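Chemist: Next up, run-v8.txt (compact mmCIF, C-alpha atoms).
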# COMPACT_ATOMS: atom_id res chain seq x y z
CA MET A 1 -13.89 22.67 -5.17
CA VAL A 2 -12.10 22.62 -1.79
CA PRO A 3 -8.54 23.89 -2.29
CA LEU A 4 -5.54 21.82 -1.36
CA ARG A 5 -5.07 22.11 2.41
CA ILE A 6 -1.59 21.62 3.82
CA PRO A 7 -0.85 21.69 7.57
CA GLU A 8 0.95 24.79 8.80
CA ASN A 9 4.01 22.73 9.73
CA SER A 10 4.42 21.28 6.25
CA THR A 11 7.52 22.21 4.30
CA THR A 12 9.18 21.73 0.96
CA VAL A 13 12.60 21.39 2.60
CA PRO A 14 13.86 17.77 2.68
CA ALA A 15 13.48 16.14 6.08
CA LYS A 16 16.48 16.12 8.38
CA GLY A 17 18.98 13.56 7.21
CA SER A 18 17.61 13.42 3.65
CA SER A 19 20.15 13.73 0.85
CA SER A 20 17.63 14.19 -1.95
CA ARG A 21 19.18 15.70 -5.05
CA GLU A 22 15.96 17.00 -6.59
CA SER A 23 13.41 16.92 -3.80
CA GLN A 24 9.90 17.25 -5.14
CA VAL A 25 7.79 16.13 -2.22
CA LYS A 26 6.61 18.10 0.78
CA TYR A 27 6.88 17.01 4.40
CA ARG A 28 4.48 16.81 7.34
CA ARG A 29 4.95 16.37 11.07
CA TYR A 30 4.53 12.77 12.19
CA GLY A 31 1.83 12.86 14.84
CA ARG A 32 3.07 13.69 18.34
CA THR A 33 6.74 13.35 17.40
CA ASP A 34 9.24 15.99 16.35
CA ARG A 35 9.95 14.18 13.08
CA ASP A 36 8.84 15.19 9.61
CA VAL A 37 8.19 12.61 6.88
CA SER A 38 7.43 12.89 3.19
CA GLU A 39 3.72 13.18 2.48
CA ILE A 40 4.24 10.75 -0.38
CA GLY A 41 5.68 7.48 0.85
CA LEU A 42 6.56 4.25 -0.88
CA GLY A 43 4.48 1.17 -0.18
CA GLY A 44 4.66 -2.20 -1.93
CA HIS A 45 7.60 -2.02 -4.30
CA ARG A 46 8.93 -5.54 -4.35
CA GLU A 47 7.29 -7.21 -7.38
CA GLY A 48 7.31 -10.40 -5.34
CA ALA A 49 4.87 -12.85 -3.85
CA GLU A 50 4.16 -14.08 -0.36
CA THR A 51 3.93 -17.84 -0.59
CA GLY A 52 4.29 -19.21 2.94
CA ALA A 53 5.67 -18.74 6.43
CA GLY A 54 9.30 -17.87 6.94
CA LEU A 55 11.60 -15.70 4.84
CA ALA A 56 13.18 -18.58 2.93
CA ARG A 57 9.83 -19.57 1.47
CA THR A 58 8.29 -16.12 1.00
CA ALA A 59 10.87 -13.88 -0.67
CA ARG A 60 10.02 -14.69 -4.27
CA PHE A 61 10.98 -11.73 -6.46
CA PHE A 62 10.07 -11.20 -10.10
CA ARG A 63 12.48 -8.33 -10.62
CA SER A 64 16.22 -8.24 -10.02
CA ALA A 65 17.68 -6.58 -6.94
CA GLN A 66 19.13 -3.85 -9.18
CA GLU A 67 15.72 -3.13 -10.76
CA ARG A 68 14.04 -2.94 -7.37
CA ALA A 69 16.82 -0.69 -6.06
CA ARG A 70 16.27 1.68 -8.99
CA VAL A 71 12.65 2.16 -7.90
CA VAL A 72 13.71 2.89 -4.32
CA GLY A 73 16.56 5.08 -5.51
CA ARG A 74 14.26 7.22 -7.63
CA ALA A 75 11.99 7.69 -4.63
CA LEU A 76 15.00 8.87 -2.61
CA ASP A 77 16.00 11.26 -5.40
CA LEU A 78 12.57 12.87 -5.24
CA GLY A 79 12.70 13.29 -1.47
CA VAL A 80 10.70 10.28 -0.23
CA THR A 81 11.63 9.43 3.36
CA TYR A 82 8.66 7.29 4.48
CA PHE A 83 8.78 3.59 3.56
CA ASP A 84 5.98 1.19 4.44
CA THR A 85 6.45 -2.59 4.40
CA THR A 86 3.89 -5.27 5.17
CA TYR A 87 4.93 -8.78 4.15
CA GLY A 88 8.35 -10.22 4.83
CA CYS A 89 9.39 -10.08 1.19
CA GLU A 90 8.67 -6.33 1.10
CA ILE A 91 10.94 -5.52 4.00
CA ALA A 92 13.59 -7.89 2.68
CA SER A 93 13.46 -6.13 -0.69
CA LEU A 94 13.66 -2.68 0.89
CA GLY A 95 16.60 -3.67 3.05
CA GLU A 96 18.43 -5.10 0.05
CA SER A 97 17.76 -1.94 -1.96
CA LEU A 98 18.99 0.36 0.81
CA ARG A 99 22.20 -1.63 1.13
CA ILE A 100 22.78 -1.42 -2.63
CA LEU A 101 22.13 2.33 -2.50
CA GLY A 102 24.17 2.85 0.66
CA LYS A 103 21.28 4.64 2.35
CA ARG A 104 19.48 4.24 5.69
CA ARG A 105 20.07 7.32 7.81
CA GLY A 106 17.29 9.90 7.77
CA LEU A 107 14.66 7.48 6.45
CA PHE A 108 11.52 6.40 8.27
CA VAL A 109 11.00 2.65 7.79
CA SER A 110 7.87 0.97 9.08
CA GLY A 111 7.58 -2.81 9.45
CA MET A 112 4.42 -4.80 10.04
CA ARG A 113 3.05 -8.17 11.00
CA VAL A 114 -0.06 -8.55 8.83
CA ASP A 115 -3.18 -9.95 10.57
CA PHE A 116 -1.39 -9.58 13.88
CA TYR A 117 -3.97 -11.01 16.29
CA SER A 118 -5.45 -13.50 13.85
CA ASN A 119 -1.99 -15.00 13.47
CA LEU A 120 -1.37 -14.85 17.23
CA ALA A 121 -4.41 -17.06 17.78
CA ALA A 122 -3.09 -19.56 15.24
CA THR A 123 0.36 -19.79 16.87
CA LYS A 124 -0.92 -20.53 20.41
CA GLU A 125 1.97 -18.40 21.71
CA SER A 126 1.70 -15.84 24.47
CA PRO A 127 1.22 -12.27 23.21
CA LYS A 128 4.63 -11.27 24.59
CA ALA A 129 6.55 -14.12 22.98
CA TYR A 130 4.73 -13.69 19.69
CA THR A 131 5.30 -9.93 19.63
CA ARG A 132 9.03 -10.28 20.22
CA ARG A 133 9.40 -12.99 17.61
CA GLU A 134 7.56 -10.96 14.99
CA VAL A 135 9.61 -7.81 15.59
CA GLU A 136 12.90 -9.69 15.57
CA THR A 137 11.86 -11.59 12.43
CA ARG A 138 11.21 -8.29 10.64
CA LEU A 139 14.60 -6.98 11.72
CA LYS A 140 16.30 -10.11 10.41
CA GLU A 141 14.49 -9.79 7.10
CA PHE A 142 15.30 -6.08 6.88
CA GLY A 143 18.97 -6.56 7.64
CA PHE A 144 19.32 -3.45 9.82
CA ASP A 145 19.30 -3.16 13.59
CA HIS A 146 16.17 -1.06 14.10
CA LEU A 147 12.79 -0.09 12.71
CA ASP A 148 11.47 3.43 13.06
CA GLN A 149 8.03 1.95 13.58
CA PHE A 150 6.42 -1.45 14.07
CA MET A 151 2.78 -1.83 13.08
CA LEU A 152 0.23 -4.38 14.22
CA GLY A 153 -1.52 -5.21 10.97
CA ALA A 154 -5.23 -5.54 10.17
CA LEU A 155 -6.48 -5.36 13.75
CA GLU A 156 -10.14 -5.72 12.89
CA GLY A 157 -9.22 -9.38 12.29
CA GLY A 158 -8.76 -11.12 15.62
CA ASP A 159 -10.54 -8.15 17.26
CA PRO A 160 -8.38 -7.47 20.33
CA LEU A 161 -11.18 -5.37 21.86
CA ALA A 162 -13.74 -8.18 21.84
CA ASN A 163 -12.56 -10.11 24.90
CA GLY A 164 -11.01 -7.46 27.10
CA HIS A 165 -7.71 -5.69 26.58
CA ALA A 166 -5.29 -8.23 28.03
CA ALA A 167 -3.67 -9.28 24.75
CA LEU A 168 -3.04 -5.70 23.66
CA GLU A 169 -1.73 -4.75 27.08
CA ASP A 170 0.75 -7.65 26.95
CA THR A 171 1.74 -6.64 23.42
CA PHE A 172 2.44 -3.09 24.52
CA ALA A 173 4.47 -4.33 27.49
CA GLU A 174 6.74 -6.31 25.16
CA LEU A 175 6.94 -3.48 22.64
CA SER A 176 8.09 -1.17 25.45
CA LEU A 177 10.96 -3.55 26.16
CA LEU A 178 11.85 -3.68 22.48
CA LYS A 179 11.88 0.13 22.44
CA GLN A 180 14.26 0.18 25.40
CA GLU A 181 16.52 -2.22 23.52
CA GLY A 182 16.61 0.17 20.57
CA LYS A 183 14.99 -2.29 18.18
CA ILE A 184 11.90 -0.23 17.39
CA GLY A 185 10.82 3.38 17.68
CA LEU A 186 7.10 4.04 17.36
CA VAL A 187 4.12 1.69 17.48
CA GLY A 188 1.15 1.84 15.13
CA PHE A 189 -1.58 -0.31 13.68
CA SER A 190 -3.46 -0.76 10.44
CA CYS A 191 -7.16 -1.37 10.02
CA HIS A 192 -9.41 -1.60 6.97
CA THR A 193 -12.43 -0.31 8.91
CA PRO A 194 -11.89 3.30 10.02
CA ASP A 195 -14.70 3.27 12.61
CA TYR A 196 -13.11 0.26 14.31
CA ALA A 197 -9.76 2.05 14.10
CA ALA A 198 -11.32 4.99 15.95
CA ARG A 199 -12.57 2.68 18.73
CA LEU A 200 -9.14 1.10 19.05
CA LEU A 201 -7.34 4.44 19.08
CA ASN A 202 -9.70 5.82 21.73
CA ALA A 203 -9.15 2.72 23.89
CA PHE A 204 -5.37 2.75 23.41
CA PRO A 205 -4.31 6.36 22.77
CA GLN A 206 -0.67 5.35 23.25
CA PHE A 207 -0.61 4.16 19.64
CA ASP A 208 1.61 6.57 17.73
CA ALA A 209 0.03 6.00 14.33
CA VAL A 210 -2.87 4.40 12.48
CA MET A 211 -3.11 3.40 8.82
CA THR A 212 -6.47 3.01 7.07
CA PRO A 213 -7.82 3.09 3.51
CA TYR A 214 -8.68 6.50 2.12
CA ASN A 215 -9.26 7.41 -1.50
CA PHE A 216 -11.62 9.15 -3.91
CA THR A 217 -14.31 6.47 -3.55
CA ASN A 218 -13.71 5.39 0.07
CA ARG A 219 -14.05 8.27 2.50
CA ALA A 220 -15.05 6.37 5.63
CA ALA A 221 -12.02 7.77 7.44
CA GLU A 222 -13.66 11.20 7.42
CA GLY A 223 -16.03 10.03 10.17
CA ALA A 224 -15.22 8.84 13.70
CA LEU A 225 -11.53 8.34 12.97
CA ALA A 226 -10.97 12.03 12.29
CA ALA A 227 -12.23 12.89 15.78
CA ALA A 228 -10.04 10.19 17.37
CA LEU A 229 -6.99 11.57 15.57
CA THR A 230 -7.74 15.04 16.92
CA ARG A 231 -8.13 13.73 20.46
CA THR A 232 -5.00 11.55 20.52
CA GLY A 233 -2.66 13.36 18.15
CA ALA A 234 -1.73 10.08 16.45
CA ALA A 235 -0.31 10.16 12.94
CA TRP A 236 -2.63 9.01 10.15
CA ILE A 237 -1.35 7.18 7.08
CA ALA A 238 -3.59 6.59 4.05
CA MET A 239 -3.37 3.25 2.28
CA LYS A 240 -5.29 1.94 -0.75
CA THR A 241 -4.97 5.36 -2.34
CA HIS A 242 -5.12 3.85 -5.83
CA VAL A 243 -6.98 0.60 -5.10
CA TRP A 244 -10.54 1.87 -5.11
CA ARG A 245 -12.67 -1.19 -5.77
CA VAL A 246 -11.03 -4.59 -6.29
CA TYR A 247 -8.23 -5.59 -3.94
CA GLY A 248 -4.85 -5.40 -5.67
CA ILE A 249 -5.99 -3.76 -8.93
CA PRO A 250 -5.27 -0.01 -8.96
CA VAL A 251 -7.22 2.61 -10.84
CA THR A 252 -4.13 3.24 -12.99
CA ALA A 253 -4.57 -0.21 -14.58
CA LEU A 254 -7.45 1.19 -16.64
CA ARG A 255 -4.93 2.90 -18.89
CA ALA A 256 -4.28 -0.49 -20.50
CA LEU A 257 -7.95 -1.06 -21.28
CA HIS A 258 -9.68 -0.20 -24.54
CA PRO A 259 -12.59 2.06 -23.46
CA ALA A 260 -15.95 0.70 -24.58
CA ASP A 261 -19.64 0.98 -23.78
CA GLY A 262 -19.44 4.56 -22.61
CA LEU A 263 -16.25 4.23 -20.54
CA GLN A 264 -14.76 7.20 -22.31
CA TYR A 265 -12.12 8.24 -19.80
CA ASP A 266 -8.87 9.88 -20.84
CA ARG A 267 -6.30 7.09 -21.00
CA ASN A 268 -3.53 9.69 -20.94
CA ALA A 269 -4.74 11.39 -17.76
CA ALA A 270 -2.31 11.40 -14.83
CA ILE A 271 -4.86 9.50 -12.80
CA GLY A 272 -2.31 8.23 -10.28
CA ARG A 273 -1.20 11.77 -9.51
CA MET A 274 -4.76 13.07 -9.29
CA ALA A 275 -5.81 10.22 -6.98
CA LEU A 276 -3.05 11.23 -4.56
CA GLN A 277 -3.85 14.93 -4.91
CA PHE A 278 -7.33 14.16 -3.63
CA VAL A 279 -5.96 12.26 -0.61
CA LEU A 280 -3.45 14.99 0.22
CA GLN A 281 -6.27 17.51 0.65
CA HIS A 282 -7.30 15.95 3.97
CA PRO A 283 -5.89 18.17 6.74
CA LYS A 284 -5.40 15.25 9.18
CA LEU A 285 -3.28 13.24 6.77
CA VAL A 286 0.43 12.76 7.43
CA THR A 287 1.57 10.49 4.61
CA THR A 288 0.48 7.99 1.96
CA VAL A 289 1.85 4.60 0.94
CA PRO A 290 1.00 3.95 -2.72
CA ALA A 291 2.55 0.88 -4.28
CA ALA A 292 5.07 1.56 -7.03
CA ASN A 293 6.94 -1.06 -8.99
CA SER A 294 8.45 1.21 -11.62
CA VAL A 295 10.35 4.46 -11.78
CA ALA A 296 7.50 5.99 -13.80
CA ALA A 297 4.99 5.17 -11.04
CA VAL A 298 7.26 6.74 -8.41
CA GLU A 299 7.57 9.90 -10.49
CA GLU A 300 3.83 10.19 -11.09
CA ASN A 301 3.07 9.64 -7.39
CA CYS A 302 5.61 12.20 -6.23
CA ALA A 303 4.28 14.76 -8.71
CA ALA A 304 1.10 14.93 -6.61
CA SER A 305 3.04 16.61 -3.82
CA ASP A 306 4.26 19.38 -6.08
CA ALA A 307 0.94 19.94 -7.88
CA ALA A 308 -1.67 22.65 -7.58
CA ALA A 309 -5.11 22.00 -6.14
CA LEU A 310 -7.38 19.67 -8.08
CA SER A 311 -9.41 21.50 -10.69
CA GLU A 312 -13.07 20.84 -11.43
CA SER A 313 -11.92 19.11 -14.60
CA ASP A 314 -9.65 16.83 -12.55
CA VAL A 315 -12.52 15.92 -10.22
CA ARG A 316 -14.72 15.07 -13.20
CA GLN A 317 -11.97 12.84 -14.55
CA LEU A 318 -11.69 11.06 -11.21
CA ARG A 319 -15.44 10.45 -11.26
CA VAL A 320 -15.27 9.02 -14.77
CA TYR A 321 -12.52 6.63 -13.67
CA ALA A 322 -14.56 5.64 -10.61
CA ASP A 323 -17.54 4.85 -12.84
CA ALA A 324 -15.29 2.82 -15.15
CA MET A 325 -14.02 0.78 -12.21
CA ASP A 326 -17.60 0.01 -11.16
CA ALA A 327 -18.80 -1.05 -14.58
CA ALA A 328 -20.06 -4.62 -15.12
CA ASP A 329 -19.01 -6.13 -11.77
CA GLN A 330 -15.51 -4.71 -12.28
CA ILE A 331 -14.84 -7.17 -15.13
CA PRO A 332 -13.42 -4.41 -17.40
CA LEU A 333 -11.12 -3.40 -14.54
CA ALA A 334 -9.95 -7.01 -14.19
CA ILE A 335 -9.35 -7.20 -17.95
CA ALA A 336 -7.18 -4.11 -17.57
CA GLY A 337 -5.33 -5.89 -14.77
CA LEU A 338 -4.55 -8.82 -17.10
CA LEU A 339 -2.99 -6.33 -19.52
CA THR A 340 -0.85 -4.64 -16.87
CA ASP A 341 2.83 -5.54 -16.70
CA ASN A 342 2.80 -6.19 -12.97
CA VAL A 343 2.71 -9.70 -11.56
CA ARG A 344 0.72 -8.90 -8.44
CA VAL A 345 -1.93 -6.94 -10.34
CA ARG A 346 -2.16 -9.69 -12.95
CA TRP A 347 -2.54 -12.27 -10.17
CA MET A 348 -5.51 -10.40 -8.65
CA ALA A 349 -7.10 -9.88 -12.07
CA ILE A 350 -6.89 -13.61 -12.87
CA GLY A 351 -8.64 -14.41 -9.60
CA HIS A 352 -11.40 -11.87 -10.21
CA ILE A 353 -12.16 -13.15 -13.71
CA ARG A 354 -12.10 -16.78 -12.60
CA HIS A 355 -14.53 -16.01 -9.80
CA HIS A 356 -16.99 -13.80 -11.67
CA LEU A 357 -16.93 -15.33 -15.16
CA LYS A 358 -16.22 -18.92 -14.12
CA PHE A 359 -13.50 -19.16 -16.75
CA GLU A 360 -11.22 -22.13 -16.25
CA ALA A 361 -7.49 -21.46 -16.15
CA PRO A 362 -4.44 -23.38 -14.90
CA GLU A 363 -3.26 -22.80 -11.36
CA ILE A 364 0.00 -20.87 -10.94
CA ASP A 365 2.82 -22.28 -8.83
CA TRP A 366 4.00 -19.09 -7.14
CA VAL A 367 7.08 -20.72 -5.61
CA ALA A 368 8.35 -21.86 -9.01
CA ASP A 369 11.20 -20.03 -10.74
CA ASP A 370 8.98 -19.44 -13.77
CA ALA A 371 5.98 -18.15 -11.81
CA GLU A 372 5.99 -14.85 -13.68
CA GLU A 373 5.90 -16.63 -17.03
CA GLN A 374 3.11 -18.89 -15.79
CA ALA A 375 1.07 -15.84 -14.81
CA ARG A 376 1.70 -14.23 -18.19
CA THR A 377 0.60 -17.42 -19.98
CA VAL A 378 -2.57 -17.77 -17.90
CA ALA A 379 -3.42 -14.11 -18.51
CA ALA A 380 -2.89 -14.54 -22.27
CA GLY A 381 -5.22 -17.55 -22.27
CA LEU A 382 -7.92 -15.59 -20.49
CA ILE A 383 -7.51 -12.68 -22.90
CA THR A 384 -8.04 -15.10 -25.79
CA LYS A 385 -11.30 -16.28 -24.19
CA LEU A 386 -12.38 -12.69 -23.57
CA ARG A 387 -11.76 -11.80 -27.24
CA ARG A 388 -14.19 -14.56 -28.22
CA ASP A 389 -16.87 -13.40 -25.79
CA PRO A 390 -19.09 -10.66 -27.28
CA ARG A 391 -19.70 -9.21 -23.81
CA TRP A 392 -16.04 -8.36 -23.32
CA SER A 393 -14.21 -8.41 -26.65
CA ALA A 394 -14.57 -4.65 -27.19
CA TYR A 395 -12.50 -3.94 -24.11
CA VAL A 396 -9.44 -5.85 -25.30
CA PRO A 397 -7.08 -3.74 -27.42
CA ASP A 398 -6.55 -4.97 -30.99
CA ALA A 399 -2.78 -5.05 -30.54
CA LEU A 400 -1.07 -6.24 -27.39
Represent the supplied structure as structure tokens.

Modeler:
Amino acid sequence: MVPLRIPENSTTVPAKGSSSRESQVKYRRYGRTDRDVSEIGLGGHREGAETGAGLARTARFFRSAQERARVVGRALDLGVTYFDTTYGCEIASLGESLRILGKRRGLFVSGMRVDFYSNLAATKESPKAYTRREVETRLKEFGFDHLDQFMLGALEGGDPLANGHAALEDTFAELSLLKQEGKIGLVGFSCHTPDYAARLLNAFPQFDAVMTPYNFTNRAAEGALAAALTRTGAAWIAMKTHVWRVYGIPVTALRALHPADGLQYDRNAAIGRMALQFVLQHPKLVTTVPAANSVAAVEENCAASDAAALSESDVRQLRVYADAMDAADQIPLAIAGLLTDNVRVRWMAIGHIRHHLKFEAPEIDWVADDAEEQARTVAAGLITKLRRDPRWSAYVPDAL
């Protein structure tokens, strides 16, 4: 087993400006900058849904502001300084939480426009006008006057390399102006295909950071991207650290499932912690952005930073979980998602079961005030159908 490898400049001392009371996480240098960030960050934490364009129609939260602030506050207590936001409701939730907690200084907050160039094509705007509008929209949603980083999201969609570099060059020109105005700091991008990310980073080495998937079952970032990171010095952020197979359903959901048909994994294993321990072993990694919608999830994630190297037993347990996720077209994983008390996970699980089993279920009105209850009712109806189906009944716990 390869031991845990931490860069020489990592430290257990809270990053400058952090007021953590019981810091548990370690810190790593952020690419070419002189800033350190926590190697465990906080990604999606909003328990909300994106339902349309514009903040007024998208910020639909299923947890109170105080509950969401408790999640962010616990992350701060444990020394987390890196915060990743994608959709508008995420950055709105983070901004609200930081105002409740009275905290902003010393934190690294990244904002993003998802599907940046795909959406640019749909707007018919110029790259410069679109870029400015998206940055200023994120600032308005956040409620503070600057972002430490702005990320162009999912750049394999819209492929800005396909037809010359003009759109990206115009984007960078506008981002430079926004930097001069003090509205943003660094510029990064996300990409679900690491080899494409490497091409983009080699073509535009001025990017400060790149975010790609990396986890126990998806190691594509160990290829061409690793060499591009070495050449450019850009910071690398790992996303999808817990989402190994089906979009939106994390490996930790399997804890809710009744193991059957040989899926004899340890339901009490700290699988979330171990999944992050694996990711942290990569020497090029700067930080991670696992989603966490509960204090318990934050605590388990942060424990990875303070843990010893993965043991052989841990690696075996990760493999067992990976096999369980793969079983039967991921239907058992989706059943676990139905049983998870998280609206977004439940939403993805409903979609997977509808698609693969052709079960009929009512549509959910995600803009309605009772959307969470609708999702719970739809999930309960699907669980009833699954109990009656001999292929799947063994996976559903007797008592819910």

Chemist: State, in Å with one decimal place, the distance from atom CA of A:Met274 to atom CA of A:Gln317.

Modeler: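 Atom CA of A:Gln317 lies 8.9 Å from atom CA of A:Met274.
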
Chemist: Have a look at A:Ser393, A:Thr81, A:Ser93, A:Asn215 and name the one nearest to A:Ile335; count all atoms listed in the file.

Modeler: A:Ser393

Chemist: Using only C-alpha atoms, which residue out of A:Ser110, A:Lys128, A:Ala122, A:Ser311 lies closest to A:His146?

Modeler: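 Smallest separation from A:His146 among the options: A:Ser110.
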
Chemist: Show me, as a count of residues only, the residues that have an atom within 12 Å of A:Arg344 when counting only C-alpha atoms, minus same-chain residues fewer than 5 positions from it.

Modeler: 30

Chemist: Which residues come within 9 Å of stretch 179-194 of chain A, counting all atoms listed in the file, excluding same-chain residues fewer than 3 positions away, as a PyMOL selection string?

Modeler: chain A and resi 110+112+114+135-136+139+145-157+172+174-176+197-199+206-213+220-225+234-235+237

Chemist: Could you check the closest approach to A:Tyr130 for each of A:Leu168, A:Val396, A:Phe144, A:Asn163 and tell me which residue wins, using all atoms listed in the file?

Modeler: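 Counting all atoms listed in the file, the residue closest to A:Tyr130 is A:Leu168.
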
Chemist: Quick one: residues within 10 Å of A:Thr137, only C-alpha atoms counted, chain neighbours fewer than 4 positions away excluded, as a count of residues only?

Modeler: 10

Chemist: Kindly give the distance, in Å, that separates atom CA of A:Glu373 and atom CA of A:Ala75, rounded to a single decimal.

Modeler: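 Taking atom CA of A:Glu373 and atom CA of A:Ala75, their separation equals 28.0 Å.
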
Chemist: Would you be able to write out as a PDB file with C-alpha atoms, keeping the file's coordinate frame which residues have an atom within 9 Å of (-6.8, -11.1, 17.4) in the file's coordinates, counting all atoms listed in the file?

Modeler:
ATOM      1  CA  ASP A 115      -3.180  -9.950  10.570  1.00  0.00           C
ATOM      2  CA  PHE A 116      -1.390  -9.580  13.880  1.00  0.00           C
ATOM      3  CA  TYR A 117      -3.970 -11.010  16.290  1.00  0.00           C
ATOM      4  CA  SER A 118      -5.450 -13.500  13.850  1.00  0.00           C
ATOM      5  CA  ASN A 119      -1.990 -15.000  13.470  1.00  0.00           C
ATOM      6  CA  LEU A 120      -1.370 -14.850  17.230  1.00  0.00           C
ATOM      7  CA  ALA A 121      -4.410 -17.060  17.780  1.00  0.00           C
ATOM      8  CA  LEU A 155      -6.480  -5.360  13.750  1.00  0.00           C
ATOM      9  CA  GLU A 156     -10.140  -5.720  12.890  1.00  0.00           C
ATOM     10  CA  GLY A 157      -9.220  -9.380  12.290  1.00  0.00           C
ATOM     11  CA  GLY A 158      -8.760 -11.120  15.620  1.00  0.00           C
ATOM     12  CA  ASP A 159     -10.540  -8.150  17.260  1.00  0.00           C
ATOM     13  CA  PRO A 160      -8.380  -7.470  20.330  1.00  0.00           C
ATOM     14  CA  LEU A 161     -11.180  -5.370  21.860  1.00  0.00           C
ATOM     15  CA  ALA A 162     -13.740  -8.180  21.840  1.00  0.00           C
ATOM     16  CA  ALA A 167      -3.670  -9.280  24.750  1.00  0.00           C
TER      17      ALA A 167
END

Chemist: Tell me which protein, DNA and RNA residues are within 8 Å of A:Val251, counting all atoms listed in the file, leaving out same-chain ones fewer than 4 positions away, and put them as a ChimeraX atom specification.

Modeler: /A:242-244,271-272,321-322,325

Chemist: Write a file of the just-selected residues containing C-alpha atoms, as a compact mmCIF listing (two decimals), in the coordinates of the input.

Modeler:
# COMPACT_ATOMS: atom_id res chain seq x y z
CA HIS A 242 -5.12 3.85 -5.83
CA VAL A 243 -6.98 0.60 -5.10
CA TRP A 244 -10.54 1.87 -5.11
CA ILE A 271 -4.86 9.50 -12.80
CA GLY A 272 -2.31 8.23 -10.28
CA TYR A 321 -12.52 6.63 -13.67
CA ALA A 322 -14.56 5.64 -10.61
CA MET A 325 -14.02 0.78 -12.21

Chemist: Grab the atom CA of A:Arg104 to atom CA of A:Gln277 distance for me, in Å with one decimal place.

Modeler: 27.8 Å

Chemist: Of the candidates A:Tyr395, A:Ala256, A:Phe278, A:Ala328, which one gets nearest to A:Ala304 if we count all atoms listed in the file?

Modeler: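 Closest to A:Ala304, using all atoms listed in the file: A:Phe278.
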
Chemist: Any idea what's packed within 10 Å of A:Lys103, counting all atoms listed in the file, ignoring anything in its chain fewer than 3 positions away? Could you give it as a VMD selection string?

Modeler: chain A and resid 18 to 19 73 76 95 97 to 100 106 to 107
